[in-house]
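Shown below: query_23.txt, with compact mmCIF, N, CA and C atoms.
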```
# COMPACT_ATOMS: atom_id res chain seq x y z
N MET A 1 -5.59 10.88 12.34
CA MET A 1 -4.46 10.33 11.65
C MET A 1 -4.81 8.97 11.04
N GLY A 2 -5.39 8.06 11.77
CA GLY A 2 -5.83 6.79 11.21
C GLY A 2 -4.81 5.68 11.32
N ILE A 3 -5.30 4.49 11.08
CA ILE A 3 -4.47 3.30 11.14
C ILE A 3 -3.88 3.03 9.77
N GLU A 4 -2.64 2.56 9.74
CA GLU A 4 -2.01 2.18 8.49
C GLU A 4 -1.89 0.67 8.40
N LEU A 5 -2.02 0.17 7.19
CA LEU A 5 -1.79 -1.23 6.89
C LEU A 5 -0.36 -1.32 6.36
N ILE A 6 0.37 -2.34 6.81
CA ILE A 6 1.78 -2.45 6.47
C ILE A 6 2.06 -3.85 5.92
N ILE A 7 2.80 -3.90 4.83
CA ILE A 7 3.36 -5.15 4.33
C ILE A 7 4.86 -5.08 4.60
N GLU A 8 5.36 -6.09 5.32
CA GLU A 8 6.79 -6.09 5.65
C GLU A 8 7.30 -7.51 5.79
N ARG A 9 8.61 -7.62 5.68
CA ARG A 9 9.25 -8.91 5.93
C ARG A 9 9.62 -8.97 7.40
N ARG A 10 9.58 -10.18 7.94
CA ARG A 10 9.90 -10.39 9.35
C ARG A 10 11.10 -11.31 9.49
N GLY A 11 11.79 -11.18 10.58
CA GLY A 11 12.89 -12.08 10.89
C GLY A 11 14.24 -11.39 10.77
N ARG A 12 15.16 -11.83 11.58
CA ARG A 12 16.48 -11.21 11.60
C ARG A 12 17.24 -11.39 10.30
N LEU A 13 17.01 -12.48 9.60
CA LEU A 13 17.79 -12.78 8.41
C LEU A 13 17.10 -12.37 7.12
N THR A 14 15.99 -11.67 7.21
CA THR A 14 15.29 -11.25 6.00
C THR A 14 15.61 -9.80 5.69
N ALA A 15 15.74 -9.53 4.42
CA ALA A 15 16.02 -8.16 3.97
C ALA A 15 14.72 -7.39 3.84
N PRO A 16 14.74 -6.10 4.11
CA PRO A 16 13.54 -5.28 3.88
C PRO A 16 13.19 -5.28 2.39
N ILE A 17 12.00 -4.84 2.06
CA ILE A 17 11.60 -4.70 0.66
C ILE A 17 12.32 -3.48 0.09
N SER A 18 13.17 -3.70 -0.88
CA SER A 18 13.91 -2.57 -1.45
C SER A 18 13.03 -1.78 -2.41
N ILE A 19 13.37 -0.52 -2.58
CA ILE A 19 12.60 0.30 -3.53
C ILE A 19 12.74 -0.26 -4.94
N GLU A 20 13.91 -0.79 -5.28
CA GLU A 20 14.11 -1.36 -6.60
C GLU A 20 13.20 -2.57 -6.82
N GLU A 21 13.10 -3.43 -5.79
CA GLU A 21 12.23 -4.60 -5.87
C GLU A 21 10.77 -4.17 -6.05
N TRP A 22 10.34 -3.16 -5.31
CA TRP A 22 8.98 -2.65 -5.41
C TRP A 22 8.71 -2.09 -6.81
N LEU A 23 9.63 -1.29 -7.32
CA LEU A 23 9.46 -0.69 -8.65
C LEU A 23 9.37 -1.77 -9.72
N GLN A 24 10.21 -2.79 -9.63
CA GLN A 24 10.19 -3.88 -10.60
C GLN A 24 8.88 -4.66 -10.52
N PHE A 25 8.42 -4.92 -9.32
CA PHE A 25 7.16 -5.66 -9.15
C PHE A 25 6.00 -4.88 -9.76
N VAL A 26 5.88 -3.60 -9.43
CA VAL A 26 4.76 -2.78 -9.93
C VAL A 26 4.76 -2.75 -11.45
N ALA A 27 5.94 -2.69 -12.04
CA ALA A 27 6.04 -2.63 -13.51
C ALA A 27 5.47 -3.89 -14.18
N THR A 28 5.32 -4.99 -13.45
CA THR A 28 4.79 -6.23 -14.02
C THR A 28 3.28 -6.39 -13.82
N GLN A 29 2.65 -5.46 -13.13
CA GLN A 29 1.24 -5.58 -12.77
C GLN A 29 0.39 -4.59 -13.57
N ALA A 30 -0.52 -5.10 -14.39
CA ALA A 30 -1.35 -4.24 -15.24
C ALA A 30 -2.31 -3.37 -14.43
N ASP A 31 -2.67 -3.80 -13.23
CA ASP A 31 -3.63 -3.05 -12.42
C ASP A 31 -2.96 -2.11 -11.42
N LEU A 32 -1.65 -1.95 -11.53
CA LEU A 32 -0.92 -1.01 -10.67
C LEU A 32 -0.17 -0.02 -11.53
N ARG A 33 -0.03 1.21 -11.02
CA ARG A 33 0.78 2.22 -11.71
C ARG A 33 1.38 3.16 -10.67
N PHE A 34 2.43 3.83 -11.06
CA PHE A 34 3.06 4.80 -10.18
C PHE A 34 2.28 6.10 -10.22
N ARG A 35 2.06 6.68 -9.06
CA ARG A 35 1.34 7.95 -8.98
C ARG A 35 2.25 9.05 -9.51
N THR A 36 1.71 9.86 -10.40
CA THR A 36 2.50 10.97 -10.96
C THR A 36 1.92 12.33 -10.59
N GLU A 37 0.64 12.35 -10.24
CA GLU A 37 0.00 13.62 -9.87
C GLU A 37 0.38 14.01 -8.45
N ALA A 38 0.51 15.29 -8.23
CA ALA A 38 0.82 15.80 -6.90
C ALA A 38 -0.40 15.69 -5.98
N HIS A 39 -0.14 15.58 -4.70
CA HIS A 39 -1.20 15.69 -3.71
C HIS A 39 -1.42 17.18 -3.47
N ILE A 40 -2.65 17.57 -3.24
CA ILE A 40 -2.93 18.98 -2.99
C ILE A 40 -3.31 19.13 -1.52
N ALA A 41 -2.56 19.96 -0.83
CA ALA A 41 -2.82 20.24 0.58
C ALA A 41 -3.23 21.71 0.71
N VAL A 42 -3.97 22.02 1.77
CA VAL A 42 -4.40 23.39 2.00
C VAL A 42 -3.66 23.94 3.22
N ASN A 43 -3.03 25.08 3.04
CA ASN A 43 -2.32 25.74 4.12
C ASN A 43 -3.35 26.24 5.14
N PRO A 44 -3.27 25.79 6.40
CA PRO A 44 -4.28 26.19 7.39
C PRO A 44 -4.22 27.67 7.78
N VAL A 45 -3.12 28.31 7.50
CA VAL A 45 -2.97 29.72 7.88
C VAL A 45 -3.66 30.64 6.87
N ASP A 46 -3.38 30.44 5.59
CA ASP A 46 -3.93 31.36 4.59
C ASP A 46 -4.83 30.68 3.55
N ALA A 47 -5.11 29.39 3.72
CA ALA A 47 -5.98 28.61 2.84
C ALA A 47 -5.45 28.46 1.41
N SER A 48 -4.18 28.77 1.22
CA SER A 48 -3.60 28.58 -0.11
C SER A 48 -3.36 27.09 -0.35
N LYS A 49 -3.37 26.71 -1.62
CA LYS A 49 -3.16 25.32 -1.98
C LYS A 49 -1.67 25.08 -2.23
N VAL A 50 -1.21 23.93 -1.75
CA VAL A 50 0.19 23.56 -1.88
C VAL A 50 0.25 22.21 -2.57
N ASN A 51 1.07 22.09 -3.61
CA ASN A 51 1.27 20.82 -4.29
C ASN A 51 2.40 20.06 -3.60
N VAL A 52 2.10 18.82 -3.20
CA VAL A 52 3.10 17.94 -2.61
C VAL A 52 3.27 16.80 -3.58
N PHE A 53 4.45 16.70 -4.19
CA PHE A 53 4.66 15.72 -5.23
C PHE A 53 4.81 14.32 -4.67
N ALA A 54 4.26 13.35 -5.40
CA ALA A 54 4.31 11.95 -4.99
C ALA A 54 5.74 11.45 -5.06
N GLY A 55 6.07 10.56 -4.13
CA GLY A 55 7.39 9.94 -4.15
C GLY A 55 7.46 8.86 -5.21
N GLY A 56 8.65 8.40 -5.50
CA GLY A 56 8.87 7.41 -6.55
C GLY A 56 8.24 6.06 -6.27
N GLY A 57 7.98 5.73 -5.01
CA GLY A 57 7.43 4.42 -4.69
C GLY A 57 5.96 4.44 -4.37
N GLU A 58 5.27 5.51 -4.72
CA GLU A 58 3.84 5.63 -4.43
C GLU A 58 3.03 5.07 -5.60
N VAL A 59 2.11 4.16 -5.29
CA VAL A 59 1.42 3.38 -6.33
C VAL A 59 -0.09 3.49 -6.19
N GLU A 60 -0.77 3.43 -7.34
CA GLU A 60 -2.23 3.40 -7.38
C GLU A 60 -2.68 2.07 -7.97
N ILE A 61 -3.93 1.69 -7.64
CA ILE A 61 -4.52 0.44 -8.13
C ILE A 61 -5.77 0.76 -8.94
N LEU A 62 -5.96 0.02 -10.00
CA LEU A 62 -7.14 0.20 -10.86
C LEU A 62 -8.27 -0.69 -10.35
N VAL A 63 -9.37 -0.04 -9.93
CA VAL A 63 -10.55 -0.75 -9.45
C VAL A 63 -11.77 -0.14 -10.14
N LYS A 64 -12.46 -0.96 -10.91
CA LYS A 64 -13.68 -0.51 -11.62
C LYS A 64 -13.44 0.80 -12.39
N ASP A 65 -12.42 0.81 -13.21
CA ASP A 65 -12.08 1.95 -14.08
C ASP A 65 -11.66 3.21 -13.34
N ARG A 66 -11.27 3.09 -12.07
CA ARG A 66 -10.79 4.25 -11.30
C ARG A 66 -9.44 3.91 -10.68
N TRP A 67 -8.52 4.84 -10.74
CA TRP A 67 -7.22 4.68 -10.10
C TRP A 67 -7.33 5.20 -8.67
N LEU A 68 -7.04 4.32 -7.72
CA LEU A 68 -7.16 4.65 -6.30
C LEU A 68 -5.81 4.50 -5.61
N PRO A 69 -5.59 5.22 -4.51
CA PRO A 69 -4.33 5.06 -3.78
C PRO A 69 -4.16 3.61 -3.33
N PHE A 70 -2.93 3.10 -3.45
CA PHE A 70 -2.66 1.73 -3.01
C PHE A 70 -1.56 1.78 -1.95
N PHE A 71 -0.34 1.49 -2.28
CA PHE A 71 0.74 1.49 -1.30
C PHE A 71 1.82 2.49 -1.66
N ARG A 72 2.57 2.89 -0.66
CA ARG A 72 3.78 3.67 -0.88
C ARG A 72 4.92 2.95 -0.17
N HIS A 73 6.09 3.03 -0.75
CA HIS A 73 7.27 2.40 -0.17
C HIS A 73 7.88 3.37 0.84
N ASN A 74 8.18 2.85 2.03
CA ASN A 74 8.77 3.69 3.06
C ASN A 74 9.67 2.83 3.95
N ARG A 75 10.97 3.05 3.83
CA ARG A 75 11.97 2.39 4.68
C ARG A 75 11.83 0.87 4.71
N GLY A 76 11.73 0.27 3.55
CA GLY A 76 11.69 -1.17 3.45
C GLY A 76 10.34 -1.82 3.71
N LYS A 77 9.31 -0.99 3.84
CA LYS A 77 7.95 -1.49 4.08
C LYS A 77 7.00 -0.83 3.08
N LEU A 78 5.86 -1.47 2.86
CA LEU A 78 4.81 -0.89 2.03
C LEU A 78 3.69 -0.47 2.97
N ARG A 79 3.20 0.75 2.81
CA ARG A 79 2.20 1.31 3.72
C ARG A 79 1.03 1.91 2.95
N THR A 80 -0.17 1.77 3.55
CA THR A 80 -1.36 2.42 3.02
C THR A 80 -2.32 2.69 4.17
N LYS A 81 -3.26 3.56 3.95
CA LYS A 81 -4.28 3.82 4.97
C LYS A 81 -5.21 2.62 5.07
N TYR A 82 -5.49 2.19 6.29
CA TYR A 82 -6.42 1.09 6.51
C TYR A 82 -7.83 1.57 6.21
N GLN A 83 -8.60 0.74 5.53
CA GLN A 83 -9.98 1.06 5.21
C GLN A 83 -10.89 -0.01 5.79
N GLU A 84 -12.02 0.39 6.29
CA GLU A 84 -12.97 -0.56 6.85
C GLU A 84 -13.39 -1.60 5.81
N SER A 85 -13.40 -1.20 4.54
CA SER A 85 -13.79 -2.12 3.46
C SER A 85 -12.83 -3.31 3.35
N PHE A 86 -11.63 -3.20 3.91
CA PHE A 86 -10.68 -4.32 3.89
C PHE A 86 -11.16 -5.49 4.74
N GLU A 87 -12.16 -5.29 5.58
CA GLU A 87 -12.70 -6.38 6.39
C GLU A 87 -13.43 -7.41 5.53
N ASP A 88 -13.88 -7.00 4.36
CA ASP A 88 -14.59 -7.89 3.45
C ASP A 88 -13.58 -8.74 2.68
N PRO A 89 -13.60 -10.07 2.87
CA PRO A 89 -12.64 -10.94 2.17
C PRO A 89 -12.76 -10.88 0.65
N LEU A 90 -13.88 -10.36 0.12
CA LEU A 90 -14.06 -10.26 -1.32
C LEU A 90 -13.66 -8.90 -1.88
N ASN A 91 -13.21 -8.01 -1.03
CA ASN A 91 -12.78 -6.67 -1.45
C ASN A 91 -11.60 -6.80 -2.42
N GLU A 92 -11.72 -6.17 -3.59
CA GLU A 92 -10.68 -6.28 -4.63
C GLU A 92 -9.31 -5.80 -4.16
N ILE A 93 -9.31 -4.73 -3.38
CA ILE A 93 -8.02 -4.21 -2.91
C ILE A 93 -7.42 -5.16 -1.89
N ARG A 94 -8.24 -5.70 -1.00
CA ARG A 94 -7.74 -6.67 -0.02
C ARG A 94 -7.13 -7.88 -0.73
N ILE A 95 -7.79 -8.37 -1.76
CA ILE A 95 -7.28 -9.52 -2.51
C ILE A 95 -5.92 -9.19 -3.12
N LYS A 96 -5.77 -7.97 -3.64
CA LYS A 96 -4.49 -7.57 -4.23
C LYS A 96 -3.43 -7.41 -3.14
N ILE A 97 -3.83 -6.93 -1.97
CA ILE A 97 -2.89 -6.80 -0.85
C ILE A 97 -2.31 -8.17 -0.50
N ILE A 98 -3.17 -9.18 -0.44
CA ILE A 98 -2.72 -10.54 -0.15
C ILE A 98 -1.75 -11.01 -1.23
N PHE A 99 -2.08 -10.75 -2.48
CA PHE A 99 -1.22 -11.14 -3.60
C PHE A 99 0.16 -10.49 -3.48
N VAL A 100 0.18 -9.19 -3.19
CA VAL A 100 1.44 -8.46 -3.05
C VAL A 100 2.26 -9.03 -1.90
N ALA A 101 1.62 -9.25 -0.76
CA ALA A 101 2.34 -9.77 0.40
C ALA A 101 2.97 -11.12 0.09
N LYS A 102 2.24 -11.99 -0.59
CA LYS A 102 2.79 -13.30 -0.95
C LYS A 102 3.94 -13.15 -1.94
N ALA A 103 3.78 -12.29 -2.93
CA ALA A 103 4.83 -12.08 -3.93
C ALA A 103 6.10 -11.52 -3.30
N MET A 104 5.95 -10.74 -2.25
CA MET A 104 7.09 -10.12 -1.57
C MET A 104 7.60 -10.96 -0.39
N ASN A 105 7.02 -12.16 -0.22
CA ASN A 105 7.39 -13.02 0.93
C ASN A 105 7.30 -12.24 2.23
N SER A 106 6.16 -11.61 2.42
CA SER A 106 5.97 -10.68 3.53
C SER A 106 4.71 -11.01 4.32
N VAL A 107 4.54 -10.30 5.43
CA VAL A 107 3.35 -10.41 6.25
C VAL A 107 2.57 -9.10 6.18
N ILE A 108 1.32 -9.17 6.62
CA ILE A 108 0.44 -7.99 6.65
C ILE A 108 0.11 -7.70 8.10
N ARG A 109 0.22 -6.44 8.50
CA ARG A 109 -0.14 -6.04 9.85
C ARG A 109 -0.59 -4.58 9.81
N THR A 110 -1.05 -4.08 10.95
CA THR A 110 -1.37 -2.65 11.05
C THR A 110 -0.35 -2.00 11.97
N ASP A 111 -0.35 -0.69 11.98
CA ASP A 111 0.53 0.02 12.91
C ASP A 111 -0.12 0.19 14.27
N ALA A 112 -1.35 -0.32 14.43
CA ALA A 112 -2.04 -0.23 15.72
C ALA A 112 -1.45 -1.21 16.73
N ASP A 113 -0.96 -2.34 16.22
CA ASP A 113 -0.27 -3.30 17.07
C ASP A 113 0.68 -4.11 16.19
N ASP A 114 1.37 -5.04 16.78
CA ASP A 114 2.37 -5.80 16.04
C ASP A 114 1.85 -7.14 15.55
N GLU A 115 0.55 -7.39 15.75
CA GLU A 115 -0.03 -8.69 15.40
C GLU A 115 -0.18 -8.82 13.89
N ILE A 116 0.23 -9.97 13.37
CA ILE A 116 0.11 -10.24 11.93
C ILE A 116 -1.34 -10.56 11.61
N LEU A 117 -1.87 -9.96 10.54
CA LEU A 117 -3.24 -10.25 10.10
C LEU A 117 -3.24 -11.58 9.37
N ASN A 118 -4.17 -12.42 9.68
CA ASN A 118 -4.26 -13.75 9.08
C ASN A 118 -5.25 -13.71 7.93
N TRP A 119 -4.94 -12.93 6.91
CA TRP A 119 -5.80 -12.85 5.74
C TRP A 119 -5.42 -13.98 4.79
N GLU A 120 -6.40 -14.64 4.28
CA GLU A 120 -6.16 -15.70 3.30
C GLU A 120 -6.79 -15.31 1.98
N SER A 121 -6.17 -15.71 0.91
CA SER A 121 -6.75 -15.44 -0.40
C SER A 121 -7.87 -16.43 -0.66
N LEU A 122 -8.63 -16.16 -1.69
CA LEU A 122 -9.77 -17.03 -2.04
C LEU A 122 -9.30 -18.31 -2.68
```
Show me this structure written as structure tokens.
Amino acid sequence: MGIELIIERRGRLTAPISIEEWLQFVATQADLRFRTEAHIAVNPVDASKVNVFAGGGEVEILVKDRWLPFFRHNRGKLRTKYQESFEDPLNEIRIKIIFVAKAMNSVIRTDADDEILNWESL
């Protein structure tokens, strides 16, 4: 299943990240776009392919001329699969994650524990 990276707001008086806020933010970023292609899954019983359509808050990031999965909006939080490459402070996606978290007045953590990641931008 793997670990997920989460961007979320903390505190009793803070509002979750709304889908509208996420959609508006993505629309202002040249290196982000909404995923429109379906995910393709394989049925384990008969090996047939099944198209699972992307949700409205699922976003891709442009890295070196390739569109890669970035974050999806889910219940007031932004989620993505954690990648070992995020350990590198110079990783382009990690840098964008920090930018997004700051723009959303949010923190970064994993679903493995509740500890906030202390990532700093360059």
Quick one: of A:Glu120, A:Arg79, A:Glu8, A:Thr28, who's nearest to Arg94 (chain A), counting only N, CA and C atoms?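 Smallest separation from Arg94 (chain A) among the options: A:Glu120.
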For region 107-116 of chain A, find every residue with an atom within 7 Å (counting all atoms listed in the file), except residues of its own chain fewer than 6 positions away, and show them as a list in words.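 Using all atoms listed in the file, the neighbours found are Ile3, Glu4, Leu5, Ile6, Ile7, Glu8, Arg9, Arg10 and Ala101 of chain A.
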Selection to disk with N, CA and C atoms, as an mmCIF file, in the frame of the given file:
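File produced: selection-v6.cif:
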```
data_model
loop_
_atom_site.group_PDB
_atom_site.id
_atom_site.type_symbol
_atom_site.label_atom_id
_atom_site.label_comp_id
_atom_site.auth_asym_id
_atom_site.auth_seq_id
_atom_site.Cartn_x
_atom_site.Cartn_y
_atom_site.Cartn_z
ATOM 1 N N ILE A 3 -5.300 4.490 11.080
ATOM 2 C CA ILE A 3 -4.470 3.300 11.140
ATOM 3 C C ILE A 3 -3.880 3.030 9.770
ATOM 4 N N GLU A 4 -2.640 2.560 9.740
ATOM 5 C CA GLU A 4 -2.010 2.180 8.490
ATOM 6 C C GLU A 4 -1.890 0.670 8.400
ATOM 7 N N LEU A 5 -2.020 0.170 7.190
ATOM 8 C CA LEU A 5 -1.790 -1.230 6.890
ATOM 9 C C LEU A 5 -0.360 -1.320 6.360
ATOM 10 N N ILE A 6 0.370 -2.340 6.810
ATOM 11 C CA ILE A 6 1.780 -2.450 6.470
ATOM 12 C C ILE A 6 2.060 -3.850 5.920
ATOM 13 N N ILE A 7 2.800 -3.900 4.830
ATOM 14 C CA ILE A 7 3.360 -5.150 4.330
ATOM 15 C C ILE A 7 4.860 -5.080 4.600
ATOM 16 N N GLU A 8 5.360 -6.090 5.320
ATOM 17 C CA GLU A 8 6.790 -6.090 5.650
ATOM 18 C C GLU A 8 7.300 -7.510 5.790
ATOM 19 N N ARG A 9 8.610 -7.620 5.680
ATOM 20 C CA ARG A 9 9.250 -8.910 5.930
ATOM 21 C C ARG A 9 9.620 -8.970 7.400
ATOM 22 N N ARG A 10 9.580 -10.180 7.940
ATOM 23 C CA ARG A 10 9.900 -10.390 9.350
ATOM 24 C C ARG A 10 11.100 -11.310 9.490
ATOM 25 N N ALA A 101 1.620 -9.250 -0.760
ATOM 26 C CA ALA A 101 2.340 -9.770 0.400
ATOM 27 C C ALA A 101 2.970 -11.120 0.090
#
```
As AutoDock Vina command-line options, please: the centre and edge lengths in Å, to one decimal, of an axis-aligned box enclosing every listed atom of region 98-114 of chain A with 6 Å added on each side.
```
--center_x 2.2 --center_y -6.6 --center_z 6.6 --size_x 22.8 --size_y 25.5 --size_z 33.0
```
Nearest to Ile93 (chain A): which of A:Ile61, A:Glu21, A:Asn74, A:Val26 is it, counting all atoms listed in the file?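 The closest residue to Ile93 (chain A) is A:Ile61.
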Could you state the separation of atom N of Leu78 (chain A) and atom C of Pro16 (chain A) in Å, given to one decimal place?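 Separation between atom N of Leu78 (chain A) and atom C of Pro16 (chain A): 8.3 Å.
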Tell me, in Å to one decimal, how far CA of Ile17 (chain A) is from CA of Trp67 (chain A).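 Result for CA of Ile17 (chain A) versus CA of Trp67 (chain A): 23.6 Å, one decimal.
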Return as a ChimeraX atom specification the full set of residues in region 9-109 of chain A whose backbone-based DSSP assignment is strand (DSSP E or B). /A:32-34,39-42,49-52,58-63,66-74,77-81,107-109
Grab the atom N of Tyr82 (chain A) to atom C of Arg35 (chain A) distance for me, in Å with one decimal place.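 For atom N of Tyr82 (chain A) relative to atom C of Arg35 (chain A), the distance reads 18.9 Å.
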How would you write as a short mmCIF file (atom, residue, chain, number, x, y, z; two decimals) with N, CA and C atoms, in the frame of the given file the residues that get within 5 Å of (-1.0, 0.3, 0.7) in the file's frame, counting only N, CA and C atoms?
```cif
data_model
loop_
_atom_site.label_atom_id
_atom_site.label_comp_id
_atom_site.auth_asym_id
_atom_site.auth_seq_id
_atom_site.Cartn_x
_atom_site.Cartn_y
_atom_site.Cartn_z
N PHE A 70 -2.93 3.10 -3.45
CA PHE A 70 -2.66 1.73 -3.01
C PHE A 70 -1.56 1.78 -1.95
N PHE A 71 -0.34 1.49 -2.28
CA PHE A 71 0.74 1.49 -1.30
C PHE A 71 1.82 2.49 -1.66
N ARG A 72 2.57 2.89 -0.66
CA ARG A 72 3.78 3.67 -0.88
C ARG A 72 4.92 2.95 -0.17
N ARG A 79 3.20 0.75 2.81
CA ARG A 79 2.20 1.31 3.72
C ARG A 79 1.03 1.91 2.95
N THR A 80 -0.17 1.77 3.55
CA THR A 80 -1.36 2.42 3.02
C THR A 80 -2.32 2.69 4.17
#
```
From the options A:Val42, A:Ile95, A:Ala30, A:Ala103, which residue's atoms come nearest to Leu62 (chain A), counting only N, CA and C atoms?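 Counting only N, CA and C atoms, the residue closest to Leu62 (chain A) is A:Ala30.
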Which residue of A:Trp119, A:Gln24, A:Leu13, A:Ile19 approaches Gly76 (chain A) most closely, using all atoms listed in the file: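 Among the listed residues, the smallest separation from Gly76 (chain A) belongs to A:Ile19.
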